[in-house]
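**Student:** Coordinates in run33.cif, mmCIF, C-alpha atoms, are listed below.
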data_upload
loop_
_atom_site.label_atom_id
_atom_site.label_comp_id
_atom_site.auth_asym_id
_atom_site.auth_seq_id
_atom_site.Cartn_x
_atom_site.Cartn_y
_atom_site.Cartn_z
CA MET A 1 19.98 -53.87 26.19
CA PRO A 2 22.97 -56.23 25.94
CA SER A 3 20.74 -59.17 25.07
CA ILE A 4 19.27 -57.34 22.09
CA LYS A 5 22.72 -56.42 20.84
CA LEU A 6 23.84 -60.01 21.27
CA ARG A 7 20.89 -61.28 19.29
CA VAL A 8 21.73 -58.94 16.43
CA VAL A 9 25.30 -60.17 16.39
CA LEU A 10 24.15 -63.79 16.43
CA ALA A 11 21.74 -63.13 13.61
CA LEU A 12 24.50 -61.53 11.58
CA SER A 13 26.92 -64.36 12.18
CA GLY A 14 24.23 -66.83 11.13
CA PHE A 15 23.86 -64.88 7.93
CA ALA A 16 27.62 -64.93 7.37
CA LEU A 17 27.71 -68.69 7.89
CA ALA A 18 24.95 -69.18 5.37
CA CYS A 19 26.85 -67.08 2.85
CA ALA A 20 30.05 -69.01 3.47
CA ALA A 21 28.28 -72.34 2.98
CA HIS A 22 26.78 -71.07 -0.24
CA ALA A 23 30.16 -69.87 -1.45
CA GLN A 24 31.70 -73.25 -0.70
CA GLN A 25 29.09 -75.06 -2.72
CA LYS A 26 29.66 -72.76 -5.60
CA ASP A 27 33.40 -73.37 -5.35
CA ALA A 28 32.93 -77.10 -5.44
CA ALA A 29 30.81 -76.84 -8.56
CA ALA A 30 33.32 -74.63 -10.37
CA PRO A 31 36.12 -76.26 -12.39
CA ARG A 32 39.41 -76.73 -10.58
CA LYS A 33 41.72 -73.80 -10.74
CA PRO A 34 45.34 -74.19 -11.80
CA ALA A 35 47.68 -75.10 -8.93
CA ALA A 36 49.55 -71.80 -8.97
CA GLN A 37 46.40 -69.79 -8.39
CA THR A 38 45.22 -72.01 -5.53
CA LYS A 39 48.56 -71.51 -3.81
CA LYS A 40 48.29 -67.75 -4.14
CA ALA A 41 44.83 -67.79 -2.61
CA ALA A 42 46.04 -69.85 0.34
CA SER A 43 48.69 -67.28 1.27
CA ALA A 44 46.21 -64.39 1.07
CA PRO A 45 44.56 -64.78 4.50
CA LYS A 46 47.99 -64.93 6.15
CA GLU A 47 48.96 -61.66 4.49
CA ALA A 48 45.66 -60.15 5.58
CA ILE A 49 46.35 -61.09 9.19
CA THR A 50 49.79 -59.52 8.99
CA ALA A 51 48.31 -56.37 7.47
CA GLU A 52 45.80 -56.13 10.32
CA PHE A 53 48.60 -56.45 12.87
CA GLU A 54 50.54 -53.76 11.05
CA LYS A 55 47.53 -51.42 11.22
CA PHE A 56 47.18 -52.15 14.92
CA ARG A 57 50.86 -51.52 15.51
CA GLU A 58 50.73 -48.21 13.65
CA MET A 59 47.80 -47.09 15.77
CA MET A 60 49.58 -48.07 18.95
CA GLU A 61 52.84 -46.41 17.92
CA GLU A 62 51.11 -43.06 17.95
CA ALA A 63 50.22 -43.56 21.58
CA SER A 64 53.21 -45.56 22.76
CA PRO A 65 53.79 -45.43 26.51
CA ALA A 66 57.48 -45.90 25.62
CA GLU A 67 57.50 -42.10 25.67
CA LEU A 68 56.84 -42.12 29.40
CA PHE A 69 60.03 -44.14 29.84
CA GLU A 70 61.94 -41.78 27.57
CA ALA A 71 60.92 -38.95 29.89
CA LYS A 72 61.97 -40.96 32.93
CA GLY A 73 65.29 -41.78 31.28
CA GLU A 74 65.93 -38.14 30.48
CA ASP A 75 65.48 -37.22 34.14
CA LEU A 76 67.80 -40.03 35.18
CA TRP A 77 70.42 -39.00 32.60
CA LYS A 78 70.49 -35.41 33.82
CA ALA A 79 70.21 -36.03 37.55
CA LYS A 80 73.22 -36.21 39.85
CA ARG A 81 73.13 -39.77 41.12
CA GLY A 82 75.15 -42.62 42.58
CA PRO A 83 77.89 -42.69 45.22
CA LYS A 84 79.85 -40.08 43.23
CA ASN A 85 76.79 -37.84 42.87
CA THR A 86 77.36 -37.03 39.19
CA ALA A 87 75.14 -36.77 36.12
CA LEU A 88 75.79 -38.83 32.99
CA ASP A 89 76.59 -35.81 30.81
CA GLN A 90 80.22 -36.95 30.55
CA CYS A 91 79.19 -40.40 29.37
CA ASP A 92 80.65 -40.98 25.89
CA LEU A 93 78.40 -43.12 23.71
CA GLY A 94 80.89 -43.06 20.86
CA LEU A 95 80.31 -39.59 19.45
CA GLY A 96 81.90 -37.63 22.31
CA PRO A 97 80.95 -37.05 25.96
CA GLY A 98 77.26 -36.29 26.31
CA VAL A 99 76.50 -36.48 22.57
CA LEU A 100 73.28 -38.45 22.24
CA LYS A 101 71.97 -37.54 18.81
CA GLY A 102 72.57 -40.50 16.52
CA ALA A 103 74.56 -42.44 19.13
CA TYR A 104 72.03 -45.26 19.41
CA VAL A 105 72.00 -46.14 15.70
CA GLN A 106 75.82 -46.37 15.70
CA MET A 107 76.09 -48.93 18.49
CA PRO A 108 77.44 -51.51 19.27
CA ARG A 109 80.88 -50.04 18.61
CA TYR A 110 84.44 -50.31 19.91
CA PHE A 111 85.39 -48.16 22.91
CA ALA A 112 89.12 -47.68 23.46
CA ASP A 113 88.71 -46.72 27.14
CA ALA A 114 87.17 -50.10 27.91
CA ASP A 115 88.93 -51.96 25.07
CA GLN A 116 85.60 -53.63 24.30
CA VAL A 117 82.82 -53.60 21.79
CA MET A 118 79.77 -52.31 23.64
CA ASP A 119 76.10 -52.15 22.87
CA VAL A 120 74.15 -49.23 24.27
CA GLU A 121 73.08 -50.86 27.53
CA ARG A 122 76.55 -52.26 28.17
CA ARG A 123 77.97 -48.78 27.64
CA ILE A 124 75.41 -47.05 29.86
CA VAL A 125 76.07 -49.54 32.64
CA HIS A 126 79.80 -48.92 32.13
CA CYS A 127 79.19 -45.16 32.53
CA MET A 128 77.03 -45.71 35.60
CA VAL A 129 79.86 -47.72 37.16
CA THR A 130 82.83 -45.56 36.14
CA LEU A 131 81.25 -42.10 36.38
CA GLN A 132 78.56 -42.47 39.02
CA GLY A 133 80.16 -45.17 41.16
CA PHE A 134 77.34 -47.73 40.99
CA LYS A 135 78.36 -51.36 41.44
CA ALA A 136 78.10 -53.57 38.34
CA GLU A 137 76.93 -56.53 40.47
CA ASP A 138 74.05 -54.47 41.86
CA LEU A 139 72.93 -53.41 38.38
CA ALA A 140 73.15 -57.00 37.13
CA ARG A 141 71.15 -58.47 40.00
CA GLN A 142 67.68 -57.69 38.64
CA PRO A 143 68.35 -56.06 35.29
CA PHE A 144 64.94 -56.60 33.65
CA SER A 145 61.59 -54.88 34.14
CA ASP A 146 58.95 -56.63 36.17
CA GLU A 147 55.67 -55.63 37.78
CA SER A 148 57.33 -53.94 40.70
CA ARG A 149 60.01 -51.93 38.96
CA THR A 150 61.68 -50.66 35.79
CA PRO A 151 65.46 -50.73 36.25
CA ASP A 152 67.20 -47.41 35.61
CA PRO A 153 69.30 -48.66 32.65
CA VAL A 154 66.06 -49.61 30.85
CA SER A 155 64.71 -46.04 31.04
CA LEU A 156 68.15 -44.64 30.15
CA VAL A 157 68.41 -46.86 27.06
CA THR A 158 64.90 -45.77 26.02
CA TYR A 159 65.87 -42.10 26.36
CA VAL A 160 69.10 -42.54 24.38
CA ALA A 161 67.28 -44.55 21.69
CA GLY A 162 64.70 -41.79 21.34
CA GLN A 163 67.51 -39.39 20.43
CA SER A 164 68.12 -41.39 17.22
CA ARG A 165 64.52 -41.39 16.02
CA GLY A 166 64.31 -41.21 12.23
CA MET A 167 68.03 -41.77 11.71
CA LYS A 168 69.76 -44.41 9.63
CA VAL A 169 71.35 -47.41 11.28
CA ALA A 170 75.12 -47.07 10.71
CA ILE A 171 76.94 -49.48 12.98
CA PRO A 172 80.69 -49.16 12.40
CA GLN A 173 82.90 -52.01 11.22
CA LYS A 174 86.22 -50.14 11.06
CA HIS A 175 88.01 -51.40 14.16
CA PRO A 176 89.29 -55.01 14.02
CA LYS A 177 87.42 -55.75 17.27
CA GLU A 178 84.16 -54.57 15.68
CA ARG A 179 84.70 -56.93 12.76
CA GLU A 180 85.59 -59.70 15.17
CA ALA A 181 82.39 -59.03 17.15
CA TYR A 182 80.39 -59.41 13.93
CA GLU A 183 82.06 -62.74 13.11
CA VAL A 184 81.65 -64.09 16.64
CA GLY A 185 78.05 -62.85 16.66
CA ARG A 186 77.37 -64.78 13.47
CA GLU A 187 78.87 -67.91 15.03
CA ILE A 188 76.64 -67.55 18.09
CA PHE A 189 73.60 -66.91 15.88
CA ASN A 190 74.17 -70.19 14.04
CA PHE A 191 75.43 -72.25 16.98
CA ARG A 192 73.16 -75.21 17.64
CA ALA A 193 73.18 -76.56 21.17
CA GLY A 194 71.11 -77.25 24.26
CA PRO A 195 68.53 -79.97 24.97
CA TRP A 196 66.53 -78.97 21.89
CA ASP A 197 69.54 -78.67 19.59
CA PHE A 198 68.46 -75.13 18.79
CA SER A 199 70.12 -72.02 17.44
CA CYS A 200 68.92 -68.48 16.81
CA ALA A 201 68.96 -69.43 13.14
CA SER A 202 66.46 -72.25 13.76
CA CYS A 203 63.74 -69.61 14.00
CA HIS A 204 65.36 -66.53 12.49
CA GLY A 205 67.50 -67.93 9.66
CA GLU A 206 64.85 -68.47 6.98
CA ASN A 207 62.09 -66.43 5.42
CA GLY A 208 58.43 -67.07 6.21
CA LYS A 209 58.69 -68.70 9.64
CA ARG A 210 56.36 -67.85 12.45
CA ILE A 211 55.18 -68.70 15.96
CA ARG A 212 51.39 -68.70 16.14
CA THR A 213 50.41 -65.51 14.28
CA GLN A 214 53.68 -63.77 15.00
CA GLU A 215 55.89 -63.63 11.93
CA LEU A 216 59.54 -64.24 12.62
CA PRO A 217 61.99 -62.06 10.73
CA ASN A 218 64.94 -63.67 9.02
CA LEU A 219 67.69 -61.83 10.85
CA SER A 220 70.45 -63.19 8.67
CA SER A 221 69.07 -61.29 5.67
CA LYS A 222 69.86 -57.64 5.00
CA GLU A 223 66.20 -56.80 4.26
CA GLN A 224 64.71 -58.23 7.44
CA ALA A 225 67.49 -57.72 10.00
CA ILE A 226 66.11 -54.26 10.74
CA ARG A 227 63.23 -55.98 12.48
CA ALA A 228 65.56 -57.02 15.29
CA PHE A 229 66.46 -53.36 15.68
CA GLN A 230 63.12 -51.69 15.00
CA GLY A 231 60.71 -51.38 17.87
CA TRP A 232 63.41 -51.84 20.51
CA PRO A 233 63.57 -50.83 23.23
CA GLY A 234 59.91 -51.74 23.31
CA TYR A 235 56.87 -51.34 25.51
CA ARG A 236 55.13 -54.69 25.81
CA MET A 237 51.40 -54.40 26.12
CA THR A 238 51.41 -57.79 27.85
CA GLY A 239 52.05 -56.66 31.40
CA GLY A 240 52.79 -53.10 30.34
CA LEU A 241 56.55 -53.43 30.76
CA MET A 242 59.41 -51.66 29.05
CA HIS A 243 62.10 -53.98 27.70
CA THR A 244 65.46 -53.51 25.99
CA LEU A 245 67.40 -55.75 23.60
CA GLN A 246 69.35 -57.11 26.58
CA TRP A 247 66.09 -58.60 27.80
CA ARG A 248 65.13 -59.83 24.32
CA MET A 249 68.44 -61.64 23.89
CA ASN A 250 68.21 -63.10 27.37
CA ASP A 251 64.70 -64.36 26.71
CA CYS A 252 65.69 -65.88 23.35
CA PHE A 253 68.40 -67.83 25.19
CA ARG A 254 65.80 -69.00 27.68
CA GLN A 255 63.43 -70.06 24.91
CA GLN A 256 66.24 -72.10 23.39
CA ARG A 257 66.86 -73.69 26.81
CA PHE A 258 70.40 -72.33 26.80
CA PRO A 259 72.22 -71.24 29.96
CA GLU A 260 71.34 -67.63 30.74
CA PRO A 261 73.86 -65.17 29.27
CA GLY A 262 75.45 -62.62 31.58
CA TYR A 263 73.83 -59.18 31.71
CA THR A 264 75.62 -56.79 29.32
CA SER A 265 78.05 -59.59 28.46
CA GLU A 266 80.37 -59.76 25.47
CA THR A 267 78.18 -62.51 24.00
CA ILE A 268 75.20 -60.19 23.79
CA ALA A 269 77.31 -57.33 22.39
CA ASP A 270 78.58 -59.69 19.67
CA LEU A 271 75.09 -60.90 18.78
CA LEU A 272 73.77 -57.35 18.65
CA THR A 273 76.70 -56.34 16.45
CA TYR A 274 75.91 -59.14 14.00
CA MET A 275 72.21 -58.31 13.76
CA GLY A 276 72.77 -54.56 13.90
CA VAL A 277 75.32 -54.48 11.10
CA ASN A 278 72.97 -56.57 8.98
CA ALA A 279 70.37 -53.83 9.49
CA ASN A 280 72.70 -50.99 8.44
CA GLY A 281 71.14 -48.45 6.08
CA HIS A 282 67.57 -48.82 7.36
CA VAL A 283 65.83 -45.97 9.17
CA TYR A 284 65.28 -46.43 12.90
CA LYS A 285 61.87 -45.25 14.08
CA GLY A 286 62.65 -44.93 17.79
CA PRO A 287 61.43 -46.85 20.85
CA GLY A 288 58.47 -48.98 19.92
CA ILE A 289 55.54 -50.99 21.11
CA LYS A 290 55.09 -54.74 21.21
CA ARG A 291 52.06 -56.95 21.61
CA MET B 1 54.37 -38.44 43.49
CA ALA B 2 53.21 -39.72 40.16
CA ASP B 3 55.29 -39.31 37.03
CA PRO B 4 54.47 -36.44 34.67
CA MET B 5 52.08 -36.80 31.75
CA ARG B 6 53.12 -36.30 28.15
CA ILE B 7 50.77 -33.86 26.46
CA ARG B 8 50.73 -32.83 22.82
CA ALA B 9 48.24 -30.27 21.56
CA VAL B 10 48.10 -29.20 17.93
CA SER B 11 45.75 -26.56 16.53
CA LYS B 12 44.43 -26.95 12.99
CA ASP B 13 41.51 -25.13 11.33
CA GLY B 14 40.18 -23.87 14.66
CA VAL B 15 40.18 -27.32 16.25
CA VAL B 16 42.77 -28.42 18.78
CA ASN B 17 43.77 -32.07 18.82
CA VAL B 18 45.07 -33.13 22.24
CA LYS B 19 46.96 -36.33 22.96
CA VAL B 20 47.76 -37.27 26.53
CA LEU B 21 49.83 -40.15 27.87
CA MET B 22 49.49 -40.76 31.60
CA SER B 23 51.79 -42.81 33.75
CA HIS B 24 49.61 -44.91 36.06
CA GLU B 25 49.39 -48.49 37.29
CA MET B 26 45.59 -48.69 36.83
CA GLU B 27 45.19 -51.67 39.16
CA THR B 28 41.73 -53.16 38.80
CA GLY B 29 41.54 -54.80 42.23
CA GLN B 30 40.81 -58.12 40.51
CA ARG B 31 44.36 -59.41 40.30
CA LYS B 32 46.05 -61.56 42.90
CA ASP B 33 49.70 -61.47 43.85
CA ALA B 34 52.03 -64.47 44.22
CA SER B 35 50.73 -65.24 47.71
CA GLY B 36 47.10 -65.21 46.55
CA LYS B 37 46.18 -61.90 48.10
CA ALA B 38 44.17 -59.47 45.99
CA VAL B 39 46.18 -56.52 44.69
CA PRO B 40 44.30 -53.46 45.94
CA ALA B 41 42.50 -51.38 43.33
CA HIS B 42 44.25 -48.19 42.33
CA PHE B 43 43.06 -46.40 39.22
CA ILE B 44 42.35 -42.96 37.81
CA GLN B 45 38.76 -41.95 38.55
CA SER B 46 38.41 -38.54 37.01
CA VAL B 47 40.15 -36.63 34.27
CA SER B 48 39.59 -33.05 33.25
CA ALA B 49 41.08 -30.70 30.69
CA THR B 50 41.08 -26.94 31.10
CA TRP B 51 41.78 -24.32 28.46
CA GLN B 52 41.80 -20.59 29.31
CA GLY B 53 40.11 -21.32 32.64
CA LYS B 54 37.31 -23.19 30.89
CA MET B 55 36.73 -26.91 31.23
CA VAL B 56 36.79 -28.53 27.78
CA LEU B 57 36.70 -32.16 28.86
CA SER B 58 35.57 -33.98 31.95
CA ALA B 59 35.64 -37.75 32.19
CA GLN B 60 34.96 -40.44 34.77
CA TRP B 61 37.14 -43.49 34.44
CA GLY B 62 36.98 -46.94 35.95
CA PRO B 63 39.23 -49.97 36.38
CA ALA B 64 38.71 -51.10 32.77
CA VAL B 65 41.07 -48.45 31.43
CA SER B 66 44.54 -49.81 30.64
CA LYS B 67 47.81 -49.25 32.46
CA ASN B 68 49.64 -46.11 31.26
CA PRO B 69 46.49 -44.82 29.55
CA PHE B 70 46.38 -42.76 26.38
CA LEU B 71 43.67 -40.15 25.83
CA GLU B 72 42.98 -38.25 22.63
CA PHE B 73 40.28 -35.62 22.11
CA ASN B 74 39.47 -32.52 20.07
CA PHE B 75 37.98 -29.23 21.12
CA LYS B 76 37.03 -26.10 19.22
CA GLY B 77 38.51 -22.68 19.72
CA GLY B 78 42.08 -23.07 20.94
CA LYS B 79 44.94 -21.24 19.25
CA ALA B 80 48.66 -21.85 19.06
CA GLY B 81 50.53 -20.42 22.04
CA GLU B 82 47.65 -20.90 24.48
CA LYS B 83 47.88 -23.36 27.34
CA ILE B 84 45.95 -26.52 28.04
CA SER B 85 46.11 -28.23 31.39
CA ILE B 86 45.10 -31.78 32.27
CA THR B 87 44.32 -33.07 35.75
CA TRP B 88 43.62 -36.58 36.95
CA THR B 89 42.56 -37.86 40.36
CA ASP B 90 42.85 -41.51 41.31
CA SER B 91 41.05 -43.81 43.71
CA LYS B 92 43.61 -43.14 46.47
CA GLY B 93 43.04 -39.41 46.15
CA ASP B 94 46.38 -38.80 44.41
CA LYS B 95 46.30 -35.96 41.93
CA ARG B 96 48.46 -34.81 39.09
CA THR B 97 48.20 -31.73 36.87
CA ASP B 98 50.35 -31.01 33.83
CA GLU B 99 50.28 -28.20 31.34
CA ALA B 100 51.24 -27.93 27.68
CA THR B 101 51.35 -25.16 25.10
CA ILE B 102 49.21 -25.57 21.99
CA ASN B 103 51.25 -25.76 18.78
#
Please rewrite the model in this file as structure tokens.

**Tutor:**
Amino acid sequence: MPSIKLRVVLALSGFALACAAHAQQKDAAAPRKPAAQTKKAASAPKEAITAEFEKFREMMEEASPAELFEAKGEDLWKAKRGPKNTALDQCDLGLGPGVLKGAYVQMPRYFADADQVMDVERRIVHCMVTLQGFKAEDLARQPFSDESRTPDPVSLVTYVAGQSRGMKVAIPQKHPKEREAYEVGREIFNFRAGPWDFSCASCHGENGKRIRTQELPNLSSKEQAIRAFQGWPGYRMTGGLMHTLQWRMNDCFRQQRFPEPGYTSETIADLLTYMGVNANGHVYKGPGIKR
Amino acid sequence: MADPMRIRAVSKDGVVNVKVLMSHEMETGQRKDASGKAVPAHFIQSVSATWQGKMVLSAQWGPAVSKNPFLEFNFKGGKAGEKISITWTDSKGDKRTDEATIN
């Protein structure tokens, strides 16, 4: 059976090749088109590839295993845990203790109790330490998902993010420290350093850049900055792991051959403030799926 | 104990559309760990769906199904408010059953 099928496929591809060759000959015979039109034609296949990826992503979003991590996070949020044996229902994500709806799309923000600007993961870790009695060093030891485990903050972030599904990104810039975080974040984004003299902006500061077939959003522009926000936290089909923006930032630093930033550090909160504020006004679709 | 499934069942024009997300490693047995030893196979072998005591789907799965698998199917007859239950059994004999109400 398989050999027959294979033969059919081969026959078809032979047919396609013949057609392509014919088309090429015809093209050569035809008069040269104006330059503008040729350029337009050249960009068409690229757009087609992107459209196919978009279709694929849409299909996968419907069946995103991120939901499994949302469920796990919900259990973790509500369970009495840690040395102090308490749940996280008193954790204030900026809208009052235990208020989750819309909290994710309004972070990073300034928290007076910690006198810091905190992104969601930084805040959750803060709650786990102050309310539940976990040790920050323990949480920072292996903070990212691997084959053997998904760290608790990852599931918690996914749960909290799911509570802002369909809501508009509205990261505050009222407090002076929030505005400072944005400015510092922009500095970090544009700061060139390391053995490759790289910055975030090297890849994400212009329109139309890409790595292989993956289009890179220009995160310094208001229109595209949402793409740093959308789809995160995300389930990566490669390896089937759930990752948060803490991981994404960490991995971008690694790709730039920079020293590794501290887990839930101020640096990351500043960067996320810069990119998040740029994305303000766009609708957040909830935890996503990545290739 | 395995993590719960996520089940959504929606009835429309006499047909129920069921979407199930299962939490499972789905190890093929083909992979090797860092020390070169084969990671033992561990995957879901059978899946069944029951509605009103009647089996509406029965499937045999193998190691080619992805980690955290997603299953979608339709069946005729279900109405909103009725229950659908899904059960899987894996190669180690672990079992998990979850139930959802049809919307």

**Student:** Using the chain letters and numbers from the file, give me the residues hit by the PyMOL selection byres ((chain B) within 10 of (chain A)), as a list in words.

**Tutor:**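 That selection, the PyMOL selection byres ((chain B) within 10 of (chain A)), comes back as Asp3, Pro4, Met5, Arg6, Lys19, Val20, Leu21, Met22, Ser23, Glu25, Ser66, Lys67, Asn68, Pro69, Phe70, Leu71 and Glu72 of chain B.
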
**Student:** How would the residues just chosen look if you wrote them out with C-alpha atoms as a PDB file, in the frame of the given file?

**Tutor:**
ATOM      1  CA  ASP B   3      55.290 -39.310  37.030  1.00  0.00           C
ATOM      2  CA  PRO B   4      54.470 -36.440  34.670  1.00  0.00           C
ATOM      3  CA  MET B   5      52.080 -36.800  31.750  1.00  0.00           C
ATOM      4  CA  ARG B   6      53.120 -36.300  28.150  1.00  0.00           C
ATOM      5  CA  LYS B  19      46.960 -36.330  22.960  1.00  0.00           C
ATOM      6  CA  VAL B  20      47.760 -37.270  26.530  1.00  0.00           C
ATOM      7  CA  LEU B  21      49.830 -40.150  27.870  1.00  0.00           C
ATOM      8  CA  MET B  22      49.490 -40.760  31.600  1.00  0.00           C
ATOM      9  CA  SER B  23      51.790 -42.810  33.750  1.00  0.00           C
ATOM     10  CA  GLU B  25      49.390 -48.490  37.290  1.00  0.00           C
ATOM     11  CA  SER B  66      44.540 -49.810  30.640  1.00  0.00           C
ATOM     12  CA  LYS B  67      47.810 -49.250  32.460  1.00  0.00           C
ATOM     13  CA  ASN B  68      49.640 -46.110  31.260  1.00  0.00           C
ATOM     14  CA  PRO B  69      46.490 -44.820  29.550  1.00  0.00           C
ATOM     15  CA  PHE B  70      46.380 -42.760  26.380  1.00  0.00           C
ATOM     16  CA  LEU B  71      43.670 -40.150  25.830  1.00  0.00           C
ATOM     17  CA  GLU B  72      42.980 -38.250  22.630  1.00  0.00           C
TER      18      GLU B  72
END

**Student:** Do you have the CA of Pro153 in chain A-CA of Thr273 in chain A distance handy?

**Tutor:**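 Distance between the two atoms: 19.4 Å.
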
**Student:** Please list, as an MDAnalysis selection string, the residues that have an atom at most 6 Å away from (48.0, -26.8, 25.7) in the coordinates of this file, counting all atoms listed in the file.

**Tutor:** chainID B and resid 9 83:84 100:102

**Student:** Restricting the calculation to all atoms listed in the file, which member of A:Glu58, A:Asp152, A:Asp113, A:Glu52 is positioned closest to Trp77 in chain A?

**Tutor:**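 Counting all atoms listed in the file, the residue closest to Trp77 in chain A is A:Asp152.
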
**Student:** With distances taken over only C-alpha atoms, which residue among B:Asn74, B:Thr87, B:Gln30, B:Ser11 lies nearest Ser58 in chain B?

**Tutor:**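 Result for the nearest residue to Ser58 in chain B: B:Thr87.
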
**Student:** What gap, in Å, lies between CA of Val18 in chain B and CA of Glu70 in chain A?

**Tutor:**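 A separation of 19.7 Å between them.
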
**Student:** Report, in Å to a single decimal, how far apart CA of Pro261 in chain A and CA of Gly185 in chain A are.

**Tutor:**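 These atoms are spaced 13.5 Å apart.
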
**Student:** Counting all atoms listed in the file, I want the residues whose atoms come within 10 Å of (46.1, -35.8, 38.4) in the file frame, returned as a list in words.

**Tutor:**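 It turns out the residues near that spot are Ala2, Asp3, Pro4, Met5, Met22, Ile44, Gln45, Ser46, Val47, Ser48, Ile86, Thr87, Trp88, Thr89, Asp90, Gly93, Asp94, Lys95, Arg96, Thr97 and Asp98 of chain B.
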
**Student:** Quick one: everything within 10 Å of Lys12 in chain B, counting all atoms listed in the file, minus sequence neighbours fewer than 5 positions away in the same chain. Send it as a compact mmCIF listing (two decimals) with C-alpha atoms, keeping the file's coordinate frame.

**Tutor:**
# COMPACT_ATOMS: atom_id res chain seq x y z
CA ASN B 17 43.77 -32.07 18.82
CA LYS B 76 37.03 -26.10 19.22
CA GLY B 77 38.51 -22.68 19.72
CA GLY B 78 42.08 -23.07 20.94
CA LYS B 79 44.94 -21.24 19.25
CA ALA B 80 48.66 -21.85 19.06
CA ASN B 103 51.25 -25.76 18.78

**Student:** Go ahead and fit an axis-aligned box to every listed atom of range 243-259 of chain A plus 8 Å each side, and pass me the centre and edge lengths in Å, one decimal, as lines of an AutoDock Vina configuration file.

**Tutor:**
center_x = 67.2
center_y = -63.6
center_z = 26.7
size_x = 26.1
size_y = 36.2
size_z = 22.6

**Student:** So which one's closest to Gly29 in chain B, B:Ala64, B:Ala49, B:Val15, B:Ile7? Using all atoms listed in the file, please.

**Tutor:** B:Ala64

**Student:** Pull out every residue that the PyMOL selection byres ((chain B and resi 35-43) around 6) matches in the shown coordinates and put them as a VMD selection string.

**Tutor:** chain B and resid 26 to 29 31 to 34 44 63 90 to 91

**Student:** Contacts of Asp251 in chain A at 12 Å or less, counting all atoms listed in the file, minus same-chain residues fewer than 6 places along, as a PyMOL selection string?

**Tutor:** chain A and resi 144+200+243-245+257-263+268

**Student:** Go through the shown structure with the PyMOL selection byres ((chain A and resi 168) around 8) and write out the matching residues as a short mmCIF file (atom, residue, chain, number, x, y, z; two decimals) with C-alpha atoms, keeping the file's coordinate frame.

**Tutor:**
data_model
loop_
_atom_site.label_atom_id
_atom_site.label_comp_id
_atom_site.auth_asym_id
_atom_site.auth_seq_id
_atom_site.Cartn_x
_atom_site.Cartn_y
_atom_site.Cartn_z
CA VAL A 105 72.00 -46.14 15.70
CA GLY A 166 64.31 -41.21 12.23
CA MET A 167 68.03 -41.77 11.71
CA VAL A 169 71.35 -47.41 11.28
CA ALA A 170 75.12 -47.07 10.71
CA ASN A 280 72.70 -50.99 8.44
CA GLY A 281 71.14 -48.45 6.08
CA HIS A 282 67.57 -48.82 7.36
CA VAL A 283 65.83 -45.97 9.17
CA TYR A 284 65.28 -46.43 12.90
#

**Student:** Can you fill out range 202-213 of chain A with N, CA and C atoms and hand it back as a compact mmCIF listing (two decimals), keeping the file's coordinate frame?

**Tutor:**
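And here is the file that came out, part.txt:
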# COMPACT_ATOMS: atom_id res chain seq x y z
N SER A 202 67.56 -71.29 13.92
CA SER A 202 66.46 -72.25 13.76
C SER A 202 65.15 -71.53 13.51
N CYS A 203 64.97 -70.38 14.18
CA CYS A 203 63.74 -69.61 14.00
C CYS A 203 63.94 -68.40 13.10
N HIS A 204 65.14 -67.82 13.15
CA HIS A 204 65.36 -66.53 12.49
C HIS A 204 66.35 -66.60 11.33
N GLY A 205 66.52 -67.79 10.75
CA GLY A 205 67.50 -67.93 9.66
C GLY A 205 66.88 -68.18 8.31
N GLU A 206 65.54 -68.21 8.24
CA GLU A 206 64.85 -68.47 6.98
C GLU A 206 63.68 -67.52 6.85
N ASN A 207 63.26 -67.27 5.63
CA ASN A 207 62.09 -66.43 5.42
C ASN A 207 60.81 -67.21 5.71
N GLY A 208 59.78 -66.49 6.14
CA GLY A 208 58.43 -67.07 6.21
C GLY A 208 58.13 -67.93 7.41
N LYS A 209 59.00 -67.90 8.44
CA LYS A 209 58.69 -68.70 9.64
C LYS A 209 57.83 -67.88 10.60
N ARG A 210 57.11 -68.58 11.44
CA ARG A 210 56.36 -67.85 12.45
C ARG A 210 56.02 -68.72 13.66
N ILE A 211 55.70 -68.05 14.78
CA ILE A 211 55.18 -68.70 15.96
C ILE A 211 53.77 -68.19 16.14
N ARG A 212 52.80 -69.09 16.15
CA ARG A 212 51.39 -68.70 16.14
C ARG A 212 51.18 -67.65 15.04
N THR A 213 50.63 -66.47 15.36
CA THR A 213 50.41 -65.51 14.28
C THR A 213 51.56 -64.53 14.15
